[in-house]
Number of protein chains: 2
Amino acid sequence: MSDKKLNVIPLGGVGEFGMNMMAIRYGDDIIVIDAGMMFPDEDLPGVDIVTPDMTYLKENRQHVRALFITHGHEDHIGAVAFFLAEFDVPVYATAFTLALIERRIEEYELEQKPQLRPIRPKDMVEVGPFKVEFIHVTHSIVSCVALAITTPLGVIIHTGDFKVDPTPTDNQLFDLHTFADYGKRGVLLLLSDSTNADRPGYSESERAVRPRLEDVFNRADNRLFVSCFSSSIHRLQQLIDLSVDFGRKVAMVGRSMNAVTEIAHRLGLLSIPDNIMLRPQDIMGTKPNKVTVLISGTQGEPMSALSRVAVDSHKQISITPGDMVVLSSRIIPGNEKTIFRMIDHLSKRGADVLYGSMNPPLHVSGHGYQEELRLVLNLVRPRFFVPVHGEYRQLARHARLAEHLRNAGLEETFICETGDVLEIDERGARKAGRVTVGRICIDSGAVGEVVGEMVVRDRRLISEDGIVIPIVTINQHTGKLESAPELVSRGFGLESDKEFMRAAREIVVKTLEASSAEEKTDAGVIKEKIRADLKRYIHRNAERRPMIVPVILEI
Amino acid sequence: MSDKKLNVIPLGGVGEFGMNMMAIRYGDDIIVIDAGMMFPDEDLPGVDIVTPDMTYLKENRQHVRALFITHGHEDHIGAVAFFLAEFDVPVYATAFTLALIERRIEEYELEQKPQLRPIRPKDMVEVGPFKVEFIHVTHSIVSCVALAITTPLGVIIHTGDFKVDPTPTDNQLFDLHTFADYGKRGVLLLLSDSTNADRPGYSESERAVRPRLEDVFNRADNRLFVSCFSSSIHRLQQLIDLSVDFGRKVAMVGRSMNAVTEIAHRLGLLSIPDNIMLRPQDIMGTKPNKVTVLISGTQGEPMSALSRVAVDSHKQISITPGDMVVLSSRIIPGNEKTIFRMIDHLSKRGADVLYGSMNPPLHVSGHGYQEELRLVLNLVRPRFFVPVHGEYRQLARHARLAEHLRNAGLEETFICETGDVLEIDERGARKAGRVTVGRICIDSGAVGEVVGEMVVRDRRLISEDGIVIPIVTINQHTGKLESAPELVSRGFGLESDKEFMRAAREIVVKTLEASSAEEKTDAGVIKEKIRADLKRYIHRNAERRPMIVPVILEI
């Protein structure tokens with residue numbers, strides 16, 4: 001046996017939601033699992049996407065061997081382009097996942113042609129000391145795999161995202177048997193999806209949506225618009241099947257809807273009967289009760305097809321009173337306002353909109369609930385357990401769900417957070433320090449440019465109480481003021497209060513008067529004095545804390 | 001009969017969520033129903049509360065006769081202080097509602113002593129041509145009333161907020177009979193709460209929470225913290241009753257929790273057995289399974305008691321592993337992130353936290369679902385119907401729920417939005433123009449100061465792409481530059497890109513060179529030229545749109 005150590009290092013997605021990425025290292029070999037992004041919240045104004053900080057991988061550049069992707073959701077593939085810009089190593093994933101990755105990385109100009117290696121469930125790949133087997137799991141996107149990684153110290157199982165759907169619409173069952181086989185032989189470490197660890201019971205099968213959608217088709221007697229995530233191939237298949245049953249043609253509207261369904265169709269994952277498709281330009285000319293429109297934009301994204309239809313600015317489609325619009329998806333927290341604004345617009349045009357809080361829901365979750373998580377725990381019976389994919393509360397709850405395994409071989413559960421290093425050797429497992437991690441903010445308006453934490457912090461500060469800029473011109477020879485100090489401000493709220501602004505300018509004058517000639521010729525010192533005095537004055541008199549940025553012009 | 005017209009004018013809360021306010025005018029007499037606030041979303045950085053624009057009332061100052069308040073929630077009373085600062089008229093509400101209003105207006109220094117007039121259900125108040133009867137309704141706060149307003153043209157019923165709780169915990173039933181009586185005699189107009197118009201079926205009774213909370217008490221074998229809205233007196237009563245049953249003492253922690261329960265107790269609305277209360281300073285010294293802590297902060301408000309406990313900065317209380325924390329409330333959309341962050345902290349300290357997405361829910365809604373809304377519609381059978389309290393999609397759905405009344409006397413449903421004037425006379429009802437409405441943003445840091453729309457817009461703009469300030473010193477005599485142009489920026493993202501900043505400064509120099517001496521001495525013209533050139537340059541080369549604020553210093 002070896003005296004090398006195994007390190008398991010979450011670089012994203014553990015103790016936070018999104019941008020999943022995990023490094024697994026044995027000796028001098030590192031493999032990486034998933035490279036996802038997250039969408040920023042209002043804390044990061046002007047930022048479009050957020051990716052994990054890959055400093056640890058860059059510092060160990062020569063050891064990085066391969067990237068394994070469990071499935072094609074953005075929080076697992078959204079940072080692949082940024083990863084490949086740094087590391088020219090093979091990427092292993094199912095054909096469908098690779099196709100989605102290709103579509104994403106086309107937006108970026110990579111120097112090399114990426115080494116994309118399609119795999120299928122049950123395939124085995126050897127990379128250095130690691131043997132990786134792919135195991136089919138069910139989830140809200142097709143072609144998902146879990147990974148069983150055999151290392152010199154034992155087997156690590158990484159579930160990816162999953163639910164245990166007993167009746168998947170494509171009849172591709174969750175591969176319980178392979179999980180059971182590994183469990184029987186002994187698993188060193190389980191890394192398992194915690195997204196729904198706070199929901200008791202079992203999630204509903206994707207098939208449970210069918211009768212509810214059928215009810216919608218029964219009630220619709222005009223055009224029927226349905227929006228869901230374009231990657232929800234199972235959902236789209238059900239909608240196409242129902243359209244056939246109800247004699248409706250199907251139009252796909254929206255860039256991602258067309259691109260993803262085209263990929264799924266080409267790979268045999270989406271069955272589209274002959275003569276069912278309708279071109280978007282023919283929608284308005286077809287009898288309203290003979291059309292289903294599958295349309296992008298379930299989260300109210302401003303440039304999406306559905307948002308444009310909602311404000312009647314779509315080139316080919318408009319809502320007529322009596323149309324039905326179904327949002328067959330969850331409302332991602334943070335998107336409520338945008339989605340509801342879109343629904344309001346659709347309602348104003350006379351559409352009957354069915355959405356989130358409707359009951360029964362026209363959507364089911366793709367992540368397993370507590371009993372499914374227990375099922376996987378019981379099948380795998382790991383020696384060590386690390387809950388992944390979730391915020392702290394979900395990880396903590398998932399850890400509780402494993403407590404009963406104490407009598408069945410579970411030695412310890414580690415609640416790790418992004419950056420924690422879990423070290424495993426012959427003697428056992430323990431947390432052993434941290435590596436550099438963080439959020440890299442990307443402003444895609446600036447062609448994928450990175451926005452520094454500092455810049456984002458500044459924007460946030462300014463957005464609270466505005467910015468005040470005192471400007472002073474000092475003669476660098478005499479140290480004297482060349483003109484009265486200027487005070488420029490924006491977003492501060494007292495711009496138009498002339499008396500206040502005059503008094504504030506007076507503060508700057510006084511600060512300068514109270515400074516020695518030596519201080520006045522040291523721009524750093526004089527800036528700091530002005531900032532401090534002005535800050536105190538503004539806080540006392542206006543109870544605000546704008547950002548204060550003194551400017552000294554030397555002439 | 002009269003030839004005067006009746007105007008019904010929503011000044012807030014119709015087609016938007018929160019800040020409910022409604023003016024009803026007959027001839028030269030105006031009464032106002034509710035004066036609420038809303039909490040701002042991330043669109044309004046630095047704003048603490050938002051209140052309705054009362055321009056219409058100010059323009060008709062001499063006609064405003066009285067304010068009627070339906071119940072004590074912030075979205076109905078939060079703007080009373082601002083209303084009273086303008087209009088010294090009587091305020092009619094139940095004793096409990098008035099006590100909450102008094103507590104709120106103490107924060108502001110009103111010039112006059114407010115004329116607060118307590119009323120009870122079935123009371124009748126005459127104001128000018130209006131006779132107003134108060135009708136008891138059930139809701140998540142105690143002492144709620146609907147209003148039946150008899151006008152020369154007929155009766156208007158305003159439901160306030162309500163659910164039809166068949167088994168309220170205080171056995172104060174929804175007064176179906178009075179609604180039925182008015183319905184039998186004929187109602188001109190119904191204004192009814194639409195908050196849950198998109199939820200099918202009936203809401204659960206407040207009493208349904210009891211067995212679920214009982215289950216929590218059964219499972220808790222350490223300290224039990226429960227947080228709910230401090231105005232949820234029914235909920236607090238159940239928690240006190242359960243504590244008695246389970247032999248736990250009760251501590252109230254948090255300013256609002258103490259203040260509101262004190263009011264409710266004084267008014268006989270909350271029954272607190274002798275010797276049950278525990279002082280906060282005695283919590284940690286009491287046996288853990290003998291304490292229930294009722295604590296403020298269910299929405300994760302940063303300064304609330306529960307938030308402070310979560311980060312272990314509360315003076316008297318800390319979490320010990322095994323404690324249970326229950327959030328017995330809904331998650332108000334927009335607060336998810338703050339609440340979840342608090343839950344994560346509580347989890348890290350070893351607390352078992354039960355919250356929102358748990359099933360069965362430890363909270364029920366205070367607003368009626370579709371069948372309750374239909375019940376009220378069927379009892380009242382109005383001639384005209386205006387759904388209120390909701391965003392457009394909810395109003396539209398509520399309107400659909402009334403369709404069957406077409407055969408029972410309903411002439412027309414109007415989906416109004418804030419500012420729409422509904423005009424009613426002998427001939428019927430119709431929309432008749434709009435009045436000035438809007439949102440007044442209050443920055444409470446600055447002692448209730450109004451923040452202009454412009455300031456808020458500036459903050460929002462700057463928060464997107466930052467701010468760039470080109471500074472030019474021009475000798476006002478010669479028209480020449482006195483120094484090289486400066487470029488100050490914050491939140492822009494290219495501050496540290498020296499090459500870019502140098503090139504941008506160069507643009508300013510070129511703009512000046514290309515300007516005539518006449519232009520250069522006109523600060524307005526030269527500012528606009530610099531702004532335009534720099535904007536174009538930055539957009540082309542960095543694809544950003546920062547706010548650009550040129551400063552011209554003349555020396």
# chains A, B, ... in the order shown; residues from 1 in each chain; ligands from 1
$ residues_around --residues "B:Arg266" --least-positions-apart "6" --cutoff "12 Å" --atoms "only C-alpha atoms" --output "PDB file with N, CA, C and O atoms, in the first residue's frame"
ATOM      1  N   ALA B  95     -58.942  49.384  18.752  1.00  0.00           N
ATOM      2  CA  ALA B  95     -58.009  49.812  19.802  1.00  0.00           C
ATOM      3  C   ALA B  95     -56.616  49.223  19.566  1.00  0.00           C
ATOM      4  O   ALA B  95     -55.608  49.915  19.722  1.00  0.00           O
ATOM      5  N   PHE B  96     -56.540  47.957  19.185  1.00  0.00           N
ATOM      6  CA  PHE B  96     -55.250  47.313  18.973  1.00  0.00           C
ATOM      7  C   PHE B  96     -54.516  47.969  17.803  1.00  0.00           C
ATOM      8  O   PHE B  96     -53.324  48.295  17.882  1.00  0.00           O
ATOM      9  N   ALA B  99     -53.198  51.272  18.821  1.00  0.00           N
ATOM     10  CA  ALA B  99     -52.016  51.162  19.685  1.00  0.00           C
ATOM     11  C   ALA B  99     -50.771  50.945  18.830  1.00  0.00           C
ATOM     12  O   ALA B  99     -49.704  51.514  19.104  1.00  0.00           O
ATOM     13  N   ALA B 259     -42.988  44.816  22.777  1.00  0.00           N
ATOM     14  CA  ALA B 259     -43.919  45.938  22.683  1.00  0.00           C
ATOM     15  C   ALA B 259     -45.301  45.465  22.235  1.00  0.00           C
ATOM     16  O   ALA B 259     -46.321  45.839  22.825  1.00  0.00           O
ATOM     17  N   VAL B 260     -45.349  44.633  21.208  1.00  0.00           N
ATOM     18  CA  VAL B 260     -46.653  44.248  20.649  1.00  0.00           C
ATOM     19  C   VAL B 260     -47.393  43.298  21.587  1.00  0.00           C
ATOM     20  O   VAL B 260     -48.604  43.421  21.770  1.00  0.00           O
ATOM     21  N   ILE B 272     -51.892  35.543  29.150  1.00  0.00           N
ATOM     22  CA  ILE B 272     -50.604  35.064  29.640  1.00  0.00           C
ATOM     23  C   ILE B 272     -50.782  34.582  31.077  1.00  0.00           C
ATOM     24  O   ILE B 272     -51.022  35.397  31.971  1.00  0.00           O
TER      25      ILE B 272
END
$ residues_around --residues "B:Leu373" --least-positions-apart "6" --cutoff "9 Å" --atoms "only C-alpha atoms" --output "VMD selection string"
chain B and resid 163 to 164 192 to 194 196 to 197 398 401 to 402
$ write_last_selection --atoms "N, CA, C and O atoms" --output "compact mmCIF listing (two decimals), in the first residue's frame"
# COMPACT_ATOMS: atom_id res chain seq x y z
N LYS B 163 -58.95 36.38 5.60
CA LYS B 163 -59.21 35.00 5.22
C LYS B 163 -60.52 34.65 5.89
O LYS B 163 -60.98 35.39 6.78
N VAL B 164 -61.18 33.59 5.44
CA VAL B 164 -62.39 33.17 6.13
C VAL B 164 -62.02 31.96 6.97
O VAL B 164 -62.12 30.82 6.53
N SER B 192 -62.09 43.98 -2.87
CA SER B 192 -61.75 42.78 -2.10
C SER B 192 -60.29 42.36 -2.29
O SER B 192 -59.74 42.44 -3.40
N ASP B 193 -59.69 41.92 -1.20
CA ASP B 193 -58.29 41.48 -1.10
C ASP B 193 -57.95 40.37 -2.10
O ASP B 193 -58.56 39.31 -2.10
N SER B 194 -56.93 40.59 -2.93
CA SER B 194 -56.58 39.64 -3.99
C SER B 194 -55.28 38.89 -3.74
O SER B 194 -54.83 38.13 -4.60
N ASN B 196 -54.09 36.25 -2.38
CA ASN B 196 -53.94 34.83 -2.71
C ASN B 196 -54.89 34.37 -3.81
O ASN B 196 -55.26 33.19 -3.86
N ALA B 197 -55.24 35.27 -4.72
CA ALA B 197 -56.19 34.92 -5.77
C ALA B 197 -55.64 33.85 -6.70
O ALA B 197 -56.39 33.24 -7.47
N HIS B 398 -58.40 37.30 -9.73
CA HIS B 398 -59.56 37.57 -8.87
C HIS B 398 -60.76 37.97 -9.74
O HIS B 398 -61.89 37.55 -9.48
N LEU B 401 -62.46 35.06 -11.03
CA LEU B 401 -63.22 34.33 -10.01
C LEU B 401 -64.63 34.89 -9.85
O LEU B 401 -65.49 34.25 -9.26
N ALA B 402 -64.84 36.12 -10.36
CA ALA B 402 -66.16 36.75 -10.20
C ALA B 402 -67.05 36.53 -11.43
O ALA B 402 -68.22 36.93 -11.42
$ select_by_dssp --residues "stretch 392-465 of chain B" --states "strand (DSSP E)" --output "list of chain:residue names"
B:Glu412, B:Thr413, B:Asp420, B:Val421, B:Leu422, B:Glu423, B:Ile424, B:Asp425, B:Gly428, B:Ala429, B:Arg430, B:Lys431, B:Ala432, B:Gly433, B:Arg434, B:Arg439, B:Ile440, B:Cys441, B:Ile442, B:Asp443, B:Glu449, B:Val450, B:Val451
$ residues_around --residues "B:Ala504" --least-positions-apart "4" --cutoff "9 Å" --atoms "only C-alpha atoms" --output "PyMOL selection string"
chain B and resi 487+499-500+508-509+534+537-538
$ residues_around --residues "B:Ile469" --least-positions-apart "2" --cutoff "10 Å" --atoms "only C-alpha atoms" --output "PyMOL selection string"
(chain A and resi 469+488) or (chain B and resi 467+471-472+486-490+531+546-551)
$ residues_around --residues "B:Thr94" --least-positions-apart "5" --cutoff "6 Å" --atoms "only C-alpha atoms" --output "number ranges by chain"
B: 118-120
$ decode --residues "stretch 499-521 of chain A" --atoms "N, CA, C and O atoms" --output "PDB file, in the first residue's frame"
ATOM      1  N   GLU A 499     -27.261  74.794   0.706  1.00  0.00           N
ATOM      2  CA  GLU A 499     -26.698  75.186   1.993  1.00  0.00           C
ATOM      3  C   GLU A 499     -25.781  74.090   2.529  1.00  0.00           C
ATOM      4  O   GLU A 499     -24.661  74.347   2.980  1.00  0.00           O
ATOM      5  N   PHE A 500     -26.261  72.851   2.425  1.00  0.00           N
ATOM      6  CA  PHE A 500     -25.473  71.735   2.921  1.00  0.00           C
ATOM      7  C   PHE A 500     -24.173  71.598   2.131  1.00  0.00           C
ATOM      8  O   PHE A 500     -23.091  71.410   2.702  1.00  0.00           O
ATOM      9  N   MET A 501     -24.268  71.721   0.822  1.00  0.00           N
ATOM     10  CA  MET A 501     -23.097  71.532  -0.023  1.00  0.00           C
ATOM     11  C   MET A 501     -22.081  72.660   0.232  1.00  0.00           C
ATOM     12  O   MET A 501     -20.875  72.428   0.238  1.00  0.00           O
ATOM     13  N   ARG A 502     -22.599  73.878   0.457  1.00  0.00           N
ATOM     14  CA  ARG A 502     -21.702  74.996   0.741  1.00  0.00           C
ATOM     15  C   ARG A 502     -20.966  74.737   2.053  1.00  0.00           C
ATOM     16  O   ARG A 502     -19.750  74.900   2.147  1.00  0.00           O
ATOM     17  N   ALA A 503     -21.708  74.275   3.062  1.00  0.00           N
ATOM     18  CA  ALA A 503     -21.101  74.011   4.364  1.00  0.00           C
ATOM     19  C   ALA A 503     -20.067  72.886   4.249  1.00  0.00           C
ATOM     20  O   ALA A 503     -19.018  72.924   4.899  1.00  0.00           O
ATOM     21  N   ALA A 504     -20.356  71.907   3.431  1.00  0.00           N
ATOM     22  CA  ALA A 504     -19.422  70.794   3.269  1.00  0.00           C
ATOM     23  C   ALA A 504     -18.145  71.277   2.589  1.00  0.00           C
ATOM     24  O   ALA A 504     -17.038  70.868   2.951  1.00  0.00           O
ATOM     25  N   ARG A 505     -18.309  72.168   1.598  1.00  0.00           N
ATOM     26  CA  ARG A 505     -17.118  72.737   0.943  1.00  0.00           C
ATOM     27  C   ARG A 505     -16.283  73.509   1.958  1.00  0.00           C
ATOM     28  O   ARG A 505     -15.058  73.466   1.960  1.00  0.00           O
ATOM     29  N   GLU A 506     -16.994  74.176   2.852  1.00  0.00           N
ATOM     30  CA  GLU A 506     -16.325  74.951   3.894  1.00  0.00           C
ATOM     31  C   GLU A 506     -15.465  74.047   4.784  1.00  0.00           C
ATOM     32  O   GLU A 506     -14.382  74.436   5.222  1.00  0.00           O
ATOM     33  N   ILE A 507     -15.962  72.842   5.030  1.00  0.00           N
ATOM     34  CA  ILE A 507     -15.208  71.860   5.822  1.00  0.00           C
ATOM     35  C   ILE A 507     -13.874  71.560   5.140  1.00  0.00           C
ATOM     36  O   ILE A 507     -12.824  71.503   5.786  1.00  0.00           O
ATOM     37  N   VAL A 508     -13.926  71.404   3.818  1.00  0.00           N
ATOM     38  CA  VAL A 508     -12.695  71.103   3.073  1.00  0.00           C
ATOM     39  C   VAL A 508     -11.716  72.275   3.196  1.00  0.00           C
ATOM     40  O   VAL A 508     -10.520  72.074   3.437  1.00  0.00           O
ATOM     41  N   VAL A 509     -12.257  73.479   3.067  1.00  0.00           N
ATOM     42  CA  VAL A 509     -11.399  74.670   3.204  1.00  0.00           C
ATOM     43  C   VAL A 509     -10.734  74.681   4.573  1.00  0.00           C
ATOM     44  O   VAL A 509      -9.526  74.897   4.695  1.00  0.00           O
ATOM     45  N   LYS A 510     -11.538  74.403   5.611  1.00  0.00           N
ATOM     46  CA  LYS A 510     -11.000  74.419   6.975  1.00  0.00           C
ATOM     47  C   LYS A 510      -9.930  73.361   7.162  1.00  0.00           C
ATOM     48  O   LYS A 510      -8.920  73.594   7.833  1.00  0.00           O
ATOM     49  N   THR A 511     -10.173  72.184   6.596  1.00  0.00           N
ATOM     50  CA  THR A 511      -9.178  71.110   6.699  1.00  0.00           C
ATOM     51  C   THR A 511      -7.852  71.569   6.093  1.00  0.00           C
ATOM     52  O   THR A 511      -6.785  71.350   6.662  1.00  0.00           O
ATOM     53  N   LEU A 512      -7.951  72.234   4.957  1.00  0.00           N
ATOM     54  CA  LEU A 512      -6.737  72.692   4.278  1.00  0.00           C
ATOM     55  C   LEU A 512      -6.043  73.774   5.087  1.00  0.00           C
ATOM     56  O   LEU A 512      -4.818  73.779   5.235  1.00  0.00           O
ATOM     57  N   GLU A 513      -6.855  74.672   5.657  1.00  0.00           N
ATOM     58  CA  GLU A 513      -6.281  75.760   6.455  1.00  0.00           C
ATOM     59  C   GLU A 513      -5.540  75.211   7.677  1.00  0.00           C
ATOM     60  O   GLU A 513      -4.523  75.756   8.097  1.00  0.00           O
ATOM     61  N   ALA A 514      -6.089  74.106   8.213  1.00  0.00           N
ATOM     62  CA  ALA A 514      -5.494  73.539   9.421  1.00  0.00           C
ATOM     63  C   ALA A 514      -4.311  72.623   9.110  1.00  0.00           C
ATOM     64  O   ALA A 514      -3.766  71.986   9.998  1.00  0.00           O
ATOM     65  N   SER A 515      -3.951  72.555   7.827  1.00  0.00           N
ATOM     66  CA  SER A 515      -2.846  71.658   7.464  1.00  0.00           C
ATOM     67  C   SER A 515      -1.581  72.463   7.201  1.00  0.00           C
ATOM     68  O   SER A 515      -1.629  73.590   6.707  1.00  0.00           O
ATOM     69  N   SER A 516      -0.465  71.849   7.510  1.00  0.00           N
ATOM     70  CA  SER A 516       0.809  72.525   7.279  1.00  0.00           C
ATOM     71  C   SER A 516       1.150  72.494   5.792  1.00  0.00           C
ATOM     72  O   SER A 516       0.583  71.719   5.025  1.00  0.00           O
ATOM     73  N   ALA A 517       2.089  73.326   5.395  1.00  0.00           N
ATOM     74  CA  ALA A 517       2.498  73.369   3.991  1.00  0.00           C
ATOM     75  C   ALA A 517       3.046  72.016   3.567  1.00  0.00           C
ATOM     76  O   ALA A 517       2.836  71.554   2.446  1.00  0.00           O
ATOM     77  N   GLU A 518       3.723  71.352   4.495  1.00  0.00           N
ATOM     78  CA  GLU A 518       4.293  70.039   4.208  1.00  0.00           C
ATOM     79  C   GLU A 518       3.188  69.020   3.901  1.00  0.00           C
ATOM     80  O   GLU A 518       3.255  68.260   2.939  1.00  0.00           O
ATOM     81  N   GLU A 519       2.164  69.057   4.762  1.00  0.00           N
ATOM     82  CA  GLU A 519       1.033  68.152   4.534  1.00  0.00           C
ATOM     83  C   GLU A 519       0.392  68.423   3.183  1.00  0.00           C
ATOM     84  O   GLU A 519       0.021  67.510   2.458  1.00  0.00           O
ATOM     85  N   LYS A 520       0.273  69.729   2.881  1.00  0.00           N
ATOM     86  CA  LYS A 520      -0.446  70.094   1.657  1.00  0.00           C
ATOM     87  C   LYS A 520       0.250  69.629   0.393  1.00  0.00           C
ATOM     88  O   LYS A 520      -0.377  69.437  -0.629  1.00  0.00           O
ATOM     89  N   THR A 521       1.556  69.450   0.470  1.00  0.00           N
ATOM     90  CA  THR A 521       2.239  68.977  -0.737  1.00  0.00           C
ATOM     91  C   THR A 521       2.310  67.446  -0.772  1.00  0.00           C
ATOM     92  O   THR A 521       2.790  66.877  -1.728  1.00  0.00           O
TER      93      THR A 521
END
